[in-house]
Amino acid sequence: MSTDESATVERTPDAAPETTVTVRCTGHIRREVGEPDMDYTFEGETLRAFLDAFFEEYDVADMLIAETEEEATAHGWVPEDVEAAGDWAKNPEGEQTRAFARVAINGQFNEHLDGLDTELDDGDRVSLMYPFIFCC
């Protein structure tokens, strides 16, 4: 192949842009992925696109994403009839993290941003935490 025929790839108008983020993994996610942190490039610009690509490469979706409300709920911490103070934002069912797991972008839990539709920029830090707390 001559230099004129180099492997330059031209982006079509329909092609998704690539984004490179720094991924930080803790707990069981770190064990499964094998690295505490890495740079990761994927097609797209949202947390949803990142997770789809990352889960395709690393089999950790079941550790992070709850498919039902039951999987996302920790039981026994607060009586259900108590009205708690603060902002209790949560993602729609099927887009929530499991109890004791969290996904954060630049230190903020995704449910306090735009959930899985949160826009990501090159250089953002995506943290995959399970468990995100440890007790006894």
# chains A, B, ... in the order shown; residues from 1 in each chain; ligands from 1
$ residues_around --residues "range 53-60 of chain A" --least-positions-apart "3" --cutoff "10 Å" --atoms "only C-alpha atoms" --output "PyMOL selection string"
chain A and resi 23+28-30+32-34+40-44+47-50+63-65+128
$ residues_around --residues "Glu95 in chain A" --least-positions-apart "2" --cutoff "12 Å" --atoms "only C-alpha atoms" --output "list in words"
Leu47, Arg48, Leu51, Ala61, Leu64, Ile65, Ala66, Glu67, Thr68, Glu69, Glu71, Ala72, Lys90, Asn91, Pro92, Glu93, Thr97, Arg98, Arg102, Val103, Asn110, Glu111, Asp114, Gly115, Leu116 and Asp117 of chain A
$ write_last_selection --atoms "N, CA, C and O atoms" --output "compact mmCIF listing (two decimals), in the first residue's frame"
# COMPACT_ATOMS: atom_id res chain seq x y z
N LEU A 47 -23.31 8.43 28.58
CA LEU A 47 -23.02 7.35 29.51
C LEU A 47 -23.61 6.03 29.01
O LEU A 47 -23.00 4.99 29.13
N ARG A 48 -24.77 6.09 28.40
CA ARG A 48 -25.41 4.88 27.85
C ARG A 48 -24.51 4.24 26.79
O ARG A 48 -24.28 3.03 26.80
N LEU A 51 -21.47 2.68 28.56
CA LEU A 51 -21.79 1.42 29.25
C LEU A 51 -22.03 0.29 28.27
O LEU A 51 -21.58 -0.84 28.48
N ALA A 61 -21.95 -6.01 33.70
CA ALA A 61 -23.27 -5.35 33.71
C ALA A 61 -24.13 -5.85 34.86
O ALA A 61 -24.81 -5.05 35.53
N LEU A 64 -23.59 -4.08 38.12
CA LEU A 64 -23.90 -2.65 38.23
C LEU A 64 -25.35 -2.30 37.97
O LEU A 64 -25.93 -1.51 38.70
N ILE A 65 -25.95 -2.84 36.94
CA ILE A 65 -27.26 -2.38 36.49
C ILE A 65 -28.37 -3.28 37.03
O ILE A 65 -28.32 -4.50 36.85
N ALA A 66 -29.35 -2.66 37.65
CA ALA A 66 -30.53 -3.38 38.15
C ALA A 66 -31.58 -3.42 37.06
O ALA A 66 -31.88 -2.41 36.45
N GLU A 67 -32.13 -4.58 36.83
CA GLU A 67 -33.19 -4.70 35.83
C GLU A 67 -34.56 -4.40 36.42
O GLU A 67 -35.47 -4.05 35.70
N THR A 68 -34.69 -4.55 37.73
CA THR A 68 -35.98 -4.31 38.39
C THR A 68 -35.79 -3.35 39.56
O THR A 68 -34.68 -3.16 40.05
N GLU A 69 -36.88 -2.78 40.02
CA GLU A 69 -36.86 -1.91 41.18
C GLU A 69 -36.36 -2.67 42.41
O GLU A 69 -35.63 -2.14 43.24
N GLU A 71 -34.13 -5.06 42.59
CA GLU A 71 -32.66 -5.18 42.57
C GLU A 71 -31.97 -3.86 42.91
O GLU A 71 -30.82 -3.86 43.33
N ALA A 72 -32.67 -2.75 42.74
CA ALA A 72 -32.09 -1.44 43.00
C ALA A 72 -32.32 -0.97 44.43
O ALA A 72 -31.77 0.05 44.84
N LYS A 90 -33.87 9.52 41.15
CA LYS A 90 -33.49 8.18 40.74
C LYS A 90 -33.81 8.00 39.27
O LYS A 90 -34.66 8.67 38.72
N ASN A 91 -33.09 7.10 38.66
CA ASN A 91 -33.28 6.81 37.25
C ASN A 91 -34.52 5.94 37.08
O ASN A 91 -34.98 5.29 38.01
N PRO A 92 -35.05 5.87 35.85
CA PRO A 92 -36.21 5.01 35.60
C PRO A 92 -35.85 3.54 35.80
O PRO A 92 -34.69 3.15 35.71
N GLU A 93 -36.86 2.72 36.07
CA GLU A 93 -36.64 1.29 36.23
C GLU A 93 -35.92 0.74 34.99
O GLU A 93 -36.23 1.11 33.87
N THR A 97 -28.87 1.59 39.15
CA THR A 97 -27.80 0.68 39.59
C THR A 97 -28.35 -0.23 40.67
O THR A 97 -29.36 0.07 41.32
N ARG A 98 -27.68 -1.35 40.83
CA ARG A 98 -28.05 -2.28 41.90
C ARG A 98 -27.84 -1.62 43.25
O ARG A 98 -27.09 -0.66 43.37
N ARG A 102 -22.77 1.93 42.20
CA ARG A 102 -22.99 3.27 41.67
C ARG A 102 -22.11 3.50 40.45
O ARG A 102 -21.03 2.93 40.32
N VAL A 103 -22.60 4.38 39.57
CA VAL A 103 -21.84 4.88 38.43
C VAL A 103 -21.77 6.39 38.61
O VAL A 103 -22.80 7.03 38.80
N ASN A 110 -24.66 9.34 38.64
CA ASN A 110 -25.36 9.62 37.38
C ASN A 110 -26.83 9.99 37.58
O ASN A 110 -27.38 10.75 36.80
N GLU A 111 -27.46 9.50 38.64
CA GLU A 111 -28.87 9.84 38.84
C GLU A 111 -29.06 11.31 39.23
O GLU A 111 -30.17 11.83 39.16
N ASP A 114 -27.97 13.45 34.25
CA ASP A 114 -29.03 13.08 33.31
C ASP A 114 -29.14 11.58 33.14
O ASP A 114 -29.48 11.08 32.07
N GLY A 115 -28.85 10.83 34.22
CA GLY A 115 -28.95 9.38 34.16
C GLY A 115 -28.05 8.80 33.09
O GLY A 115 -26.92 9.26 32.89
N LEU A 116 -28.54 7.82 32.36
CA LEU A 116 -27.74 7.18 31.32
C LEU A 116 -27.60 8.07 30.09
O LEU A 116 -26.78 7.79 29.22
N ASP A 117 -28.36 9.16 30.03
CA ASP A 117 -28.25 10.09 28.91
C ASP A 117 -27.26 11.23 29.21
O ASP A 117 -27.15 12.18 28.43
